[in-house]
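J.: Before I ask anything, here is the structure I am working with.
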Amino acid sequence: MPAYTGLDASEHALRYCAGRFPQHRFLPLSQAEQAGPADLCLSVDVMFHLIEDSVFADHLAALFGAASGLVLIYASNTDQAWPDAHVRHRRFTTTIAARFPDWRLCAHLPNPFPYDPAQPAATSFADFFVYARPGRTWRLAVS
């Protein structure tokens with residue numbers, strides 16, 4: 001099985017994942033430098049919870065700084081107000097294009113269950129976005 005290192009700000013999430021996947025390593029974000037470079041970095045259900053601009057910028061820098069080949073993001077990609085104080089939607093693709101021009105968006109996979117306010121627990125406002133560095137070949141199978 002390939003090596004996997006998970007990083008999270010939540011101690012609860014780290015303990016849960018370590019218990020469920022003992023063959024992998026899970027570290028707090030403060031120890032990200034110990035993780036080393038990764039072929040793939042993931043950001044799943046994180047970006048729309050980053051309310052402060054500086055925290056959002058730091059997250060992108062860490063995400064793209066640690067990845068050597070691919071970055072996969074699962075988030076909303078819209079500038080839109082939201083009633084929950086812990087959610088801030090951003091058009092992050094514009095920010096990434098400006099800040100990380102050596103990365104290219106190679107896939108956008110729309111959510112098959114787009115957000116429906118009548119069914120918030122069964123739908124999501126997030127889609128998958130896959131970024132790659134030019135010069136490497138990747139095969140992404142989606143079914």
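Ordered as shown in the structure tokens, chains take letters A, B, and onward, while each chain numbers its residues from 1 and ligands are numbered from 1 in the order shown.
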With a cut-off of 12 Å, could you pull out the residues of region 94-136 of chain A touching region 45-60 of chain A and give me the nearest pair of atoms for each, distance in Å to one decimal, using only C-alpha atoms, ordered by chain and ascending number, as a tab-separated table?
T.:
residue	atom	partner	partner_atom	distance
A:Thr95	CA	A:Ala57	CA	9.1
A:Ile96	CA	A:Leu60	CA	7.8
A:Ala97	CA	A:Leu60	CA	11.5
A:Ala98	CA	A:Leu60	CA	11.8
A:Arg99	CA	A:Leu60	CA	9.0
A:Phe100	CA	A:Leu60	CA	9.2
A:Ser124	CA	A:Asp45	CA	10.0
A:Phe125	CA	A:Phe48	CA	10.0
A:Ala126	CA	A:Asp45	CA	7.8
A:Asp127	CA	A:Asp45	CA	9.9
A:Phe128	CA	A:Asp45	CA	10.3
J.: Suppose we keep C-alpha atoms; can you now write the selection as an mmCIF file, in the first residue's frame?
T.:
data_model
loop_
_atom_site.group_PDB
_atom_site.id
_atom_site.type_symbol
_atom_site.label_atom_id
_atom_site.label_comp_id
_atom_site.auth_asym_id
_atom_site.auth_seq_id
_atom_site.Cartn_x
_atom_site.Cartn_y
_atom_site.Cartn_z
ATOM 1 C CA THR A 95 -6.561 32.919 -6.921
ATOM 2 C CA ILE A 96 -4.683 29.716 -7.788
ATOM 3 C CA ALA A 97 -4.172 30.796 -11.410
ATOM 4 C CA ALA A 98 -2.651 34.078 -10.221
ATOM 5 C CA ARG A 99 -0.550 32.733 -7.327
ATOM 6 C CA PHE A 100 0.553 29.387 -8.766
ATOM 7 C CA SER A 124 -23.222 19.544 -1.523
ATOM 8 C CA PHE A 125 -22.100 22.878 -2.973
ATOM 9 C CA ALA A 126 -18.591 21.454 -3.543
ATOM 10 C CA ASP A 127 -17.064 20.012 -6.714
ATOM 11 C CA PHE A 128 -13.734 18.277 -7.378
#
J.: Please provide as a list in words all residues within 6 Å of Thr123 (chain A), with the sequence filter that same-chain residues fewer than 2 positions apart are discarded (counting only C-alpha atoms).
T.: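 What passes the distance filter is Phe113, Pro114, Tyr115, Pro120 and Ala121 of chain A.
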J.: Which polymer residues have any atom within 8 Å of an atom of Ser43 (chain A), counting only C-alpha atoms, with same-chain residues fewer than 4 positions away left out, as JSON, numbers by chain?
T.: {"A": [47, 63, 71, 72, 73, 74]}
J.: Can you tell me which residues surround Ala107 (chain A) at a distance of at most 7 Å, considering only C-alpha atoms, apart from same-chain residues fewer than 2 positions away, and format the answer as a compact mmCIF listing (two decimals) with N, CA and C atoms, in the first residue's frame?
T.:
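Output below, filename selection_39.txt:
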# COMPACT_ATOMS: atom_id res chain seq x y z
N LEU A 105 -5.18 23.73 -14.05
CA LEU A 105 -6.40 23.01 -13.74
C LEU A 105 -6.63 22.02 -14.87
N LEU A 109 -14.63 18.23 -11.88
CA LEU A 109 -15.66 17.20 -11.84
C LEU A 109 -16.84 17.71 -11.02
N PHE A 129 -11.79 19.53 -8.07
CA PHE A 129 -10.90 20.26 -8.97
C PHE A 129 -9.52 19.60 -8.85
N VAL A 130 -8.94 19.23 -10.00
CA VAL A 130 -7.65 18.56 -10.01
C VAL A 130 -6.64 19.46 -10.73
J.: Among region 86-117 of chain A, which residues does DSSP mark as strand (DSSP E) when it is run on the backbone? Keep the chain and numbering as in the structure and answer as a PyMOL selection string.
T.: chain A and resi 104-109
J.: What are the DSSP helix (DSSP H, G or I) residues of region 44-137 of chain A, as a list in words?
T.: Met47, Phe48, His49, Asp53, Ser54, Val55, Phe56, Ala57, Asp58, His59, Leu60, Ala61, Ala62, Leu63, Phe64, Gly65, Ala66, Phe92, Thr93, Thr94, Thr95, Ile96, Ala97, Ala98 and Arg99 of chain A
J.: So which one's closest to Asn111 (chain A), A:His24, A:Gly36, A:Ala141, A:Ser76? Using only C-alpha atoms, please.
T.: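 The shortest atom-to-atom distance to Asn111 (chain A) comes from A:Ser76.
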J.: Would you please work out which residue, of A:Pro37, A:Gly19, A:Gly69, A:Pro28, is nearest to Gly135 (chain A) when using only C-alpha atoms?
T.: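 For Gly135 (chain A), the nearest of the given residues is A:Gly69.
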J.: So that I can see what lies close to Gln34 (chain A), please list as a PDB file with C-alpha atoms, in the first residue's frame the residues with an atom at most 12 Å from it, counting only C-alpha atoms and leaving out residues fewer than 4 positions away in the same chain.
T.:
ATOM      1  CA  THR A   5       0.403  11.149   5.565  1.00  0.00           C
ATOM      2  CA  GLY A   6      -2.680  13.040   6.683  1.00  0.00           C
ATOM      3  CA  LEU A   7      -2.544  16.555   8.101  1.00  0.00           C
ATOM      4  CA  ARG A  25       0.661   8.576   9.504  1.00  0.00           C
ATOM      5  CA  PHE A  26      -1.419  11.505  10.737  1.00  0.00           C
ATOM      6  CA  LEU A  27       0.128  14.768  11.911  1.00  0.00           C
ATOM      7  CA  PRO A  28      -1.141  18.122  13.168  1.00  0.00           C
ATOM      8  CA  LEU A  29      -0.757  20.977  10.696  1.00  0.00           C
ATOM      9  CA  SER A  30       1.957  22.443  12.898  1.00  0.00           C
ATOM     10  CA  ALA A  38       3.894  14.349  -1.754  1.00  0.00           C
ATOM     11  CA  ALA A  66       3.918  20.247  -0.480  1.00  0.00           C
TER      12      ALA A  66
END
J.: Have a look at CA of Ala122 (chain A) and CA of Val44 (chain A) and let me know their distance in Å, one decimal.
T.: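 We find that CA of Ala122 (chain A) and CA of Val44 (chain A) lie 16.8 Å from each other.
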J.: Work out how far apart CA of Val87 (chain A) and CA of Asp39 (chain A) are and give it in Å to one decimal.
T.: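 It comes out at 28.9 Å.
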J.: Name the closest residue to Leu70 (chain A) among the candidates A:His86, A:Arg91, A:Arg15, A:Leu42; distances are taken between atoms, counting only C-alpha atoms.
T.: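 Of the candidates, the smallest distance to Leu70 (chain A) is held by A:Leu42.
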J.: CA of Ala9 (chain A) to CA of Phe92 (chain A): how many Å, to one decimal?
T.: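 Spanning CA of Ala9 (chain A) to CA of Phe92 (chain A) is a straight-line distance of 20.5 Å.
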J.: Between A:Ser68, A:Thr94, A:Ala62, A:Leu14, which is the closest to Glu33 (chain A) once you count only C-alpha atoms?
T.: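 That would be A:Ala62, the residue with the smallest distance to Glu33 (chain A).
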J.: Which is closer to Trp103 (chain A) than all the others in A:Ala132, A:Ala75, A:Ala118, A:Leu40, using only C-alpha atoms?
T.: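 Between A:Ala132, A:Ala75, A:Ala118, A:Leu40, the residue approaching Trp103 (chain A) most closely is A:Ala132.
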